[in-house]
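Enquirer: Next comes work_28.cif, mmCIF, C-alpha atoms; chains and numbers go by the auth columns:
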```
data_target
loop_
_atom_site.group_PDB
_atom_site.id
_atom_site.type_symbol
_atom_site.label_atom_id
_atom_site.label_comp_id
_atom_site.label_asym_id
_atom_site.label_seq_id
_atom_site.Cartn_x
_atom_site.Cartn_y
_atom_site.Cartn_z
_atom_site.B_iso_or_equiv
_atom_site.auth_seq_id
_atom_site.auth_asym_id
ATOM 1 C CA MET A 1 -2.079 -9.095 -16.828 0.00 11 A
ATOM 2 C CA GLU A 2 -4.251 -10.103 -13.908 0.00 12 A
ATOM 3 C CA LEU A 3 -2.587 -10.207 -10.460 0.00 13 A
ATOM 4 C CA SER A 4 -5.816 -11.340 -8.800 0.00 14 A
ATOM 5 C CA LYS A 5 -9.544 -11.402 -9.529 0.00 15 A
ATOM 6 C CA HIS A 6 -9.943 -7.621 -9.119 0.00 16 A
ATOM 7 C CA LEU A 7 -6.443 -6.251 -9.672 0.00 17 A
ATOM 8 C CA GLU A 8 -4.555 -5.743 -12.912 0.00 18 A
ATOM 9 C CA LEU A 9 -0.799 -5.225 -13.115 0.00 19 A
ATOM 10 C CA ALA A 10 -1.410 -1.962 -15.001 0.00 20 A
ATOM 11 C CA GLU A 11 -3.112 -0.486 -11.889 0.00 21 A
ATOM 12 C CA VAL A 12 -0.133 -1.321 -9.702 0.00 22 A
ATOM 13 C CA ILE A 13 2.623 -0.035 -12.002 0.00 23 A
ATOM 14 C CA ARG A 14 0.811 3.138 -13.134 0.00 24 A
ATOM 15 C CA SER A 15 2.888 6.207 -12.244 0.00 25 A
ATOM 16 C CA SER A 16 2.671 9.763 -13.503 0.00 26 A
ATOM 17 C CA THR A 17 6.283 10.286 -12.372 0.00 27 A
ATOM 18 C CA ALA A 18 7.481 7.290 -14.422 0.00 28 A
ATOM 19 C CA LYS A 19 5.512 8.510 -17.432 0.00 29 A
ATOM 20 C CA ARG A 20 6.822 12.079 -17.115 0.00 30 A
ATOM 21 C CA LEU A 21 10.450 10.952 -16.699 0.00 31 A
ATOM 22 C CA GLY A 22 10.322 8.093 -19.200 0.00 32 A
ATOM 23 C CA ILE A 23 11.113 5.459 -16.560 0.00 33 A
ATOM 24 C CA ASN A 24 10.294 1.827 -17.269 0.00 34 A
ATOM 25 C CA ASN A 25 8.269 0.697 -14.267 0.00 35 A
ATOM 26 C CA SER A 26 7.895 -2.968 -15.225 0.00 36 A
ATOM 27 C CA PRO A 27 8.609 -5.448 -12.426 0.00 37 A
ATOM 28 C CA ILE A 28 11.207 -8.189 -12.671 0.00 38 A
ATOM 29 C CA ALA A 29 9.949 -11.783 -12.231 0.00 39 A
ATOM 30 C CA GLU A 30 10.615 -11.916 -8.464 0.00 40 A
ATOM 31 C CA HIS A 31 8.789 -8.616 -7.920 0.00 41 A
ATOM 32 C CA LEU A 32 5.887 -9.787 -10.077 0.00 42 A
ATOM 33 C CA SER A 33 5.581 -12.865 -7.864 0.00 43 A
ATOM 34 C CA ASN A 34 5.568 -10.599 -4.789 0.00 44 A
ATOM 35 C CA LEU A 35 2.853 -8.432 -6.357 0.00 45 A
ATOM 36 C CA LYS A 36 0.676 -11.499 -6.918 0.00 46 A
ATOM 37 C CA ALA A 37 1.052 -12.510 -3.257 0.00 47 A
ATOM 38 C CA LEU A 38 0.232 -8.939 -2.184 0.00 48 A
ATOM 39 C CA ALA A 39 -2.843 -8.894 -4.420 0.00 49 A
ATOM 40 C CA GLU A 40 -4.151 -12.241 -3.150 0.00 50 A
ATOM 41 C CA ASN A 41 -3.395 -11.729 0.562 0.00 51 A
ATOM 42 C CA ILE A 42 -4.126 -8.025 0.993 0.00 52 A
ATOM 43 C CA PHE A 43 -5.937 -6.424 -1.940 0.00 53 A
ATOM 44 C CA GLU A 44 -8.510 -9.159 -2.641 0.00 54 A
ATOM 45 C CA PRO A 45 -9.696 -9.552 0.977 0.00 55 A
ATOM 46 C CA ILE A 46 -10.190 -5.757 1.189 0.00 56 A
ATOM 47 C CA ARG A 47 -12.041 -5.698 -2.140 0.00 57 A
ATOM 48 C CA GLU A 48 -14.231 -8.653 -1.185 0.00 58 A
ATOM 49 C CA HIS A 49 -15.051 -7.215 2.252 0.00 59 A
ATOM 50 C CA PHE A 50 -16.070 -3.744 1.051 0.00 60 A
ATOM 51 C CA LYS A 51 -17.568 -4.988 -2.249 0.00 61 A
ATOM 52 C CA ARG A 52 -16.342 -1.835 -4.015 0.00 62 A
ATOM 53 C CA PRO A 53 -13.372 -0.837 -6.168 0.00 63 A
ATOM 54 C CA ILE A 54 -10.278 -0.110 -4.059 0.00 64 A
ATOM 55 C CA PHE A 55 -8.048 2.716 -5.252 0.00 65 A
ATOM 56 C CA ILE A 56 -4.265 2.423 -5.260 0.00 66 A
ATOM 57 C CA SER A 57 -2.408 5.735 -5.142 0.00 67 A
ATOM 58 C CA SER A 58 1.034 4.116 -5.199 0.00 68 A
ATOM 59 C CA GLY A 59 1.988 0.562 -6.024 0.00 69 A
ATOM 60 C CA TYR A 60 5.119 -0.903 -7.552 0.00 70 A
ATOM 61 C CA ARG A 61 8.172 1.313 -8.006 0.00 71 A
ATOM 62 C CA SER A 62 11.142 0.064 -9.990 0.00 72 A
ATOM 63 C CA ALA A 63 14.530 1.007 -8.519 0.00 73 A
ATOM 64 C CA ALA A 64 14.788 3.928 -10.968 0.00 74 A
ATOM 65 C CA LEU A 65 11.292 5.186 -10.131 0.00 75 A
ATOM 66 C CA ASN A 66 11.864 4.820 -6.395 0.00 76 A
ATOM 67 C CA LYS A 67 15.050 6.888 -6.700 0.00 77 A
ATOM 68 C CA ALA A 68 13.092 9.593 -8.570 0.00 78 A
ATOM 69 C CA THR A 69 10.257 9.637 -5.994 0.00 79 A
ATOM 70 C CA PRO A 70 10.646 12.416 -3.416 0.00 80 A
ATOM 71 C CA GLY A 71 10.563 11.098 0.138 0.00 81 A
ATOM 72 C CA ALA A 72 10.815 7.432 -0.890 0.00 82 A
ATOM 73 C CA SER A 73 13.015 5.270 1.313 0.00 83 A
ATOM 74 C CA LYS A 74 15.916 3.406 -0.314 0.00 84 A
ATOM 75 C CA THR A 75 14.555 0.273 1.370 0.00 85 A
ATOM 76 C CA SER A 76 10.928 0.833 0.322 0.00 86 A
ATOM 77 C CA GLN A 77 8.863 -2.318 0.038 0.00 87 A
ATOM 78 C CA HIS A 78 7.182 -0.665 -2.974 0.00 88 A
ATOM 79 C CA SER A 79 10.421 -1.431 -4.871 0.00 89 A
ATOM 80 C CA LEU A 80 10.111 -5.119 -4.078 0.00 90 A
ATOM 81 C CA GLY A 81 6.462 -5.430 -5.107 0.00 91 A
ATOM 82 C CA GLU A 82 5.470 -5.880 -1.469 0.00 92 A
ATOM 83 C CA ALA A 83 3.555 -2.636 -0.739 0.00 93 A
ATOM 84 C CA LEU A 84 0.506 -0.636 -1.766 0.00 94 A
ATOM 85 C CA ASP A 85 -0.815 2.764 -0.764 0.00 95 A
ATOM 86 C CA ILE A 86 -4.607 2.844 -0.709 0.00 96 A
ATOM 87 C CA ASP A 87 -6.562 6.100 -0.875 0.00 97 A
ATOM 88 C CA MET A 88 -10.356 6.020 -0.760 0.00 98 A
ATOM 89 C CA ASP A 89 -10.926 9.808 -0.615 0.00 99 A
ATOM 90 C CA GLY A 90 -14.120 10.792 -2.419 0.00 100 A
ATOM 91 C CA THR A 91 -15.810 7.418 -1.866 0.00 101 A
ATOM 92 C CA GLU A 92 -18.234 6.142 0.761 0.00 102 A
ATOM 93 C CA ILE A 93 -15.404 4.106 2.325 0.00 103 A
ATOM 94 C CA SER A 94 -12.930 6.006 4.512 0.00 104 A
ATOM 95 C CA ASN A 95 -9.215 5.408 4.720 0.00 105 A
ATOM 96 C CA LYS A 96 -9.801 4.807 8.440 0.00 106 A
ATOM 97 C CA GLN A 97 -12.168 1.919 7.617 0.00 107 A
ATOM 98 C CA ILE A 98 -9.572 0.398 5.289 0.00 108 A
ATOM 99 C CA PHE A 99 -6.859 0.766 7.955 0.00 109 A
ATOM 100 C CA HIS A 100 -8.901 -0.904 10.682 0.00 110 A
ATOM 101 C CA PHE A 101 -10.091 -3.712 8.413 0.00 111 A
ATOM 102 C CA ILE A 102 -6.481 -4.548 7.552 0.00 112 A
ATOM 103 C CA LYS A 103 -5.359 -4.228 11.177 0.00 113 A
ATOM 104 C CA ASP A 104 -8.112 -6.463 12.520 0.00 114 A
ATOM 105 C CA ASN A 105 -8.369 -9.068 9.760 0.00 115 A
ATOM 106 C CA LEU A 106 -5.297 -9.489 7.561 0.00 116 A
ATOM 107 C CA ASP A 107 -1.823 -10.954 7.871 0.00 117 A
ATOM 108 C CA PHE A 108 0.332 -7.975 6.880 0.00 118 A
ATOM 109 C CA ASP A 109 3.963 -7.029 7.320 0.00 119 A
ATOM 110 C CA GLN A 110 3.580 -3.293 7.855 0.00 120 A
ATOM 111 C CA LEU A 111 0.542 -1.010 8.139 0.00 121 A
ATOM 112 C CA ILE A 112 0.921 2.774 8.280 0.00 122 A
ATOM 113 C CA TRP A 113 -1.676 5.468 9.048 0.00 123 A
ATOM 114 C CA GLU A 114 -0.163 8.030 6.669 0.00 124 A
ATOM 115 C CA PHE A 115 -0.487 11.621 7.891 0.00 125 A
ATOM 116 C CA GLY A 116 -4.015 13.086 7.907 0.00 126 A
ATOM 117 C CA THR A 117 -5.782 13.609 11.229 0.00 127 A
ATOM 118 C CA LYS A 118 -6.559 11.479 14.263 0.00 128 A
ATOM 119 C CA ASP A 119 -9.906 10.744 12.595 0.00 129 A
ATOM 120 C CA ASN A 120 -8.706 9.697 9.121 0.00 130 A
ATOM 121 C CA PRO A 121 -5.348 9.132 7.442 0.00 131 A
ATOM 122 C CA ASP A 122 -4.545 10.803 4.107 0.00 132 A
ATOM 123 C CA TRP A 123 -3.883 7.276 2.782 0.00 133 A
ATOM 124 C CA VAL A 124 -3.039 3.796 4.075 0.00 134 A
ATOM 125 C CA HIS A 125 0.273 2.066 3.396 0.00 135 A
ATOM 126 C CA VAL A 126 0.208 -1.728 3.674 0.00 136 A
ATOM 127 C CA SER A 127 2.844 -4.322 2.891 0.00 137 A
ATOM 128 C CA HIS A 128 3.004 -8.096 2.750 0.00 138 A
ATOM 129 C CA LYS A 129 6.071 -10.288 2.355 0.00 139 A
ATOM 130 C CA ALA A 130 5.716 -13.170 -0.074 0.00 140 A
ATOM 131 C CA GLN A 131 8.454 -15.023 1.829 0.00 141 A
ATOM 132 C CA GLY A 132 9.034 -15.128 5.581 0.00 142 A
ATOM 133 C CA LYS A 133 7.129 -13.990 8.616 0.00 143 A
ATOM 134 C CA GLN A 134 4.930 -10.887 8.636 0.00 144 A
ATOM 135 C CA ARG A 135 6.042 -8.351 11.279 0.00 145 A
ATOM 136 C CA LYS A 136 2.510 -7.018 11.949 0.00 146 A
ATOM 137 C CA GLN A 137 4.125 -3.591 12.511 0.00 147 A
ATOM 138 C CA ILE A 138 1.552 -0.793 12.858 0.00 148 A
ATOM 139 C CA LEU A 139 2.761 2.801 12.613 0.00 149 A
ATOM 140 C CA VAL A 140 1.511 6.364 12.325 0.00 150 A
ATOM 141 C CA ALA A 141 3.353 8.804 10.041 0.00 151 A
ATOM 142 C CA ILE A 142 3.407 12.474 10.971 0.00 152 A
ATOM 143 C CA LYS A 143 5.256 15.450 9.521 0.00 153 A
ATOM 144 C CA SER A 144 7.772 17.014 11.860 0.00 154 A
ATOM 145 C CA LYS A 145 9.956 19.859 10.619 0.00 155 A
ATOM 146 C CA GLY A 146 9.176 18.934 7.032 0.00 156 A
ATOM 147 C CA LYS A 147 10.166 15.263 7.447 0.00 157 A
ATOM 148 C CA ALA A 148 8.113 12.139 8.006 0.00 158 A
ATOM 149 C CA THR A 149 8.497 10.577 11.437 0.00 159 A
ATOM 150 C CA TYR A 150 6.954 7.313 12.538 0.00 160 A
ATOM 151 C CA THR A 151 5.521 6.243 15.870 0.00 161 A
ATOM 152 C CA LEU A 152 3.791 3.074 16.955 0.00 162 A
ATOM 153 C CA PHE A 153 0.007 3.055 16.485 0.00 163 A
ATOM 154 C CA LYS A 154 -1.878 2.940 19.789 0.00 164 A
#
```
Once more with this new file: its structure as structure tokens, please.

Expert:
Amino acid sequence: MELSKHLELAEVIRSSTAKRLGINNSPIAEHLSNLKALAENIFEPIREHFKRPIFISSGYRSAALNKATPGASKTSQHSLGEALDIDMDGTEISNKQIFHFIKDNLDFDQLIWEFGTKDNPDWVHVSHKAQGKQRKQILVAIKSKGKATYTLFK
């Protein structure tokens, strides 16, 4: 099933954890609608701007998969079909370029520079709400004493 011109549902629900644990990671209708809005408002503009495939390291997580995912928040927007993690390692596009393109050009709810260094995040988390106002919250995730902590991006 096509979510947008360049994004298939299979790419967004793919999960080695779900496969290994036998978890059904199919979205319910409301979450599928959210995924379509995310694809059209976030994924497609990134794909069109960079004119290259964009790699999703984490997309939709059903409630069961989210519970089985270490470090996942109980309130994760991944479980609502509102968030993607993008990781462009090994390509000519950096995660930093993706982050700044989103920050400067898109209407997002939350954008997180996930770990990495001051020069490049390990991956980029981005969310978009299908309903309601986008918060435009920009954060940096760092590990502190083995736990993720978040600060505002400056």

Enquirer: Kindly indicate which residue among A:Asn51, A:Ser104, A:Thr79, A:Thr159 lies nearest to A:Ser137, using only C-alpha atoms for the distances.

Expert: A:Asn51

Enquirer: Please list as a VMD selection string every residue within 12 Å of A:Tyr70, counting all atoms listed in the file and excluding residues in the same chain fewer than 6 positions away.

Expert: chain A and resid 19 to 25 28 34 to 38 41 to 46 48 to 49 76 79 86 to 95 137

Enquirer: Tell me which of A:Ile52, A:Ile152, A:Ala140, A:Lys61 sits closest to A:Glu40, counting only C-alpha atoms.

Expert: A:Ala140

Enquirer: Evaluated on this file, the PyMOL selection byres ((chain A and resi 115) around 12) picks out some residues - which ones are they, written as a count of residues only?

Expert: 17

Enquirer: Enumerate, as a list in words, the protein, DNA and RNA residues whose atoms approach (-1.4, 8.0, 19.1) to within 8 Å, taking into account only C-alpha atoms and the coordinate frame of the file.

Expert: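 Protein and nucleic acid residues near the point are Lys128, Val150, Thr161, Leu162, Phe163 and Lys164 of chain A.
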
Enquirer: With only C-alpha atoms as the counted atoms, please give the residues lying no more than 6 Å from stretch 129-135 of chain A, apart from itself and same-chain residues fewer than 6 positions off, as JSON, numbers by chain.

Expert: {"A": [94, 95, 96, 97, 105, 106, 121, 122, 123]}

Enquirer: Which one is closest to A:Ser67: A:Met98, A:Ala47, A:Ala82, A:Ile148? Count all atoms listed in the file.

Expert: A:Met98

Enquirer: Taking all atoms of stretch 86-90 of chain A that appear in the file, build a box with edges along x, y and z, extend it by 8 Å on every side, and state its centre and edge lengths in Å to one decimal, as AutoDock Vina command-line options.

Expert:
```
--center_x 9.1 --center_y -2.1 --center_z -2.3 --size_x 19.7 --size_y 22.0 --size_z 21.2
```

Enquirer: Env of A:Thr27: 9 Å cut, atoms = all atoms listed in the file, seq-sep filter 3 positions within chain, self excluded. Answer as an MDAnalysis selection string.

Expert: chainID A and resid 30:33 75 78:79

Enquirer: Mind telling me what the PyMOL selection byres ((chain A and resi 14) around 8) catches here, as a list of chain:residue names?

Expert: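 With the shown file as input, the PyMOL selection byres ((chain A and resi 14) around 8) matches A:Glu12, A:Leu13, A:Lys15, A:His16, A:Leu17, A:Glu18, A:Lys46, A:Ala49, A:Glu50, A:Glu54.
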
Enquirer: One decimal, in Å: what's the spacing between atom CA of A:Met11 and atom CA of A:Arg57?

Expert: 18.1 Å

Enquirer: Hey, which of A:Arg145, A:Lys139, A:Lys155, A:Arg71 ends up closest to A:Ser83? Count all atoms listed in the file.

Expert: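 Closest candidate: A:Arg71.
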
Enquirer: Using only C-alpha atoms, determine which residues lie at most 9 Å from A:Ala158, disregarding the query and same-chain residues fewer than 6 positions distant; provide the list as a list in words.

Expert: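 Close residues of A:Ala158: Gly81, Phe125, Ala151 and Ile152 of chain A.
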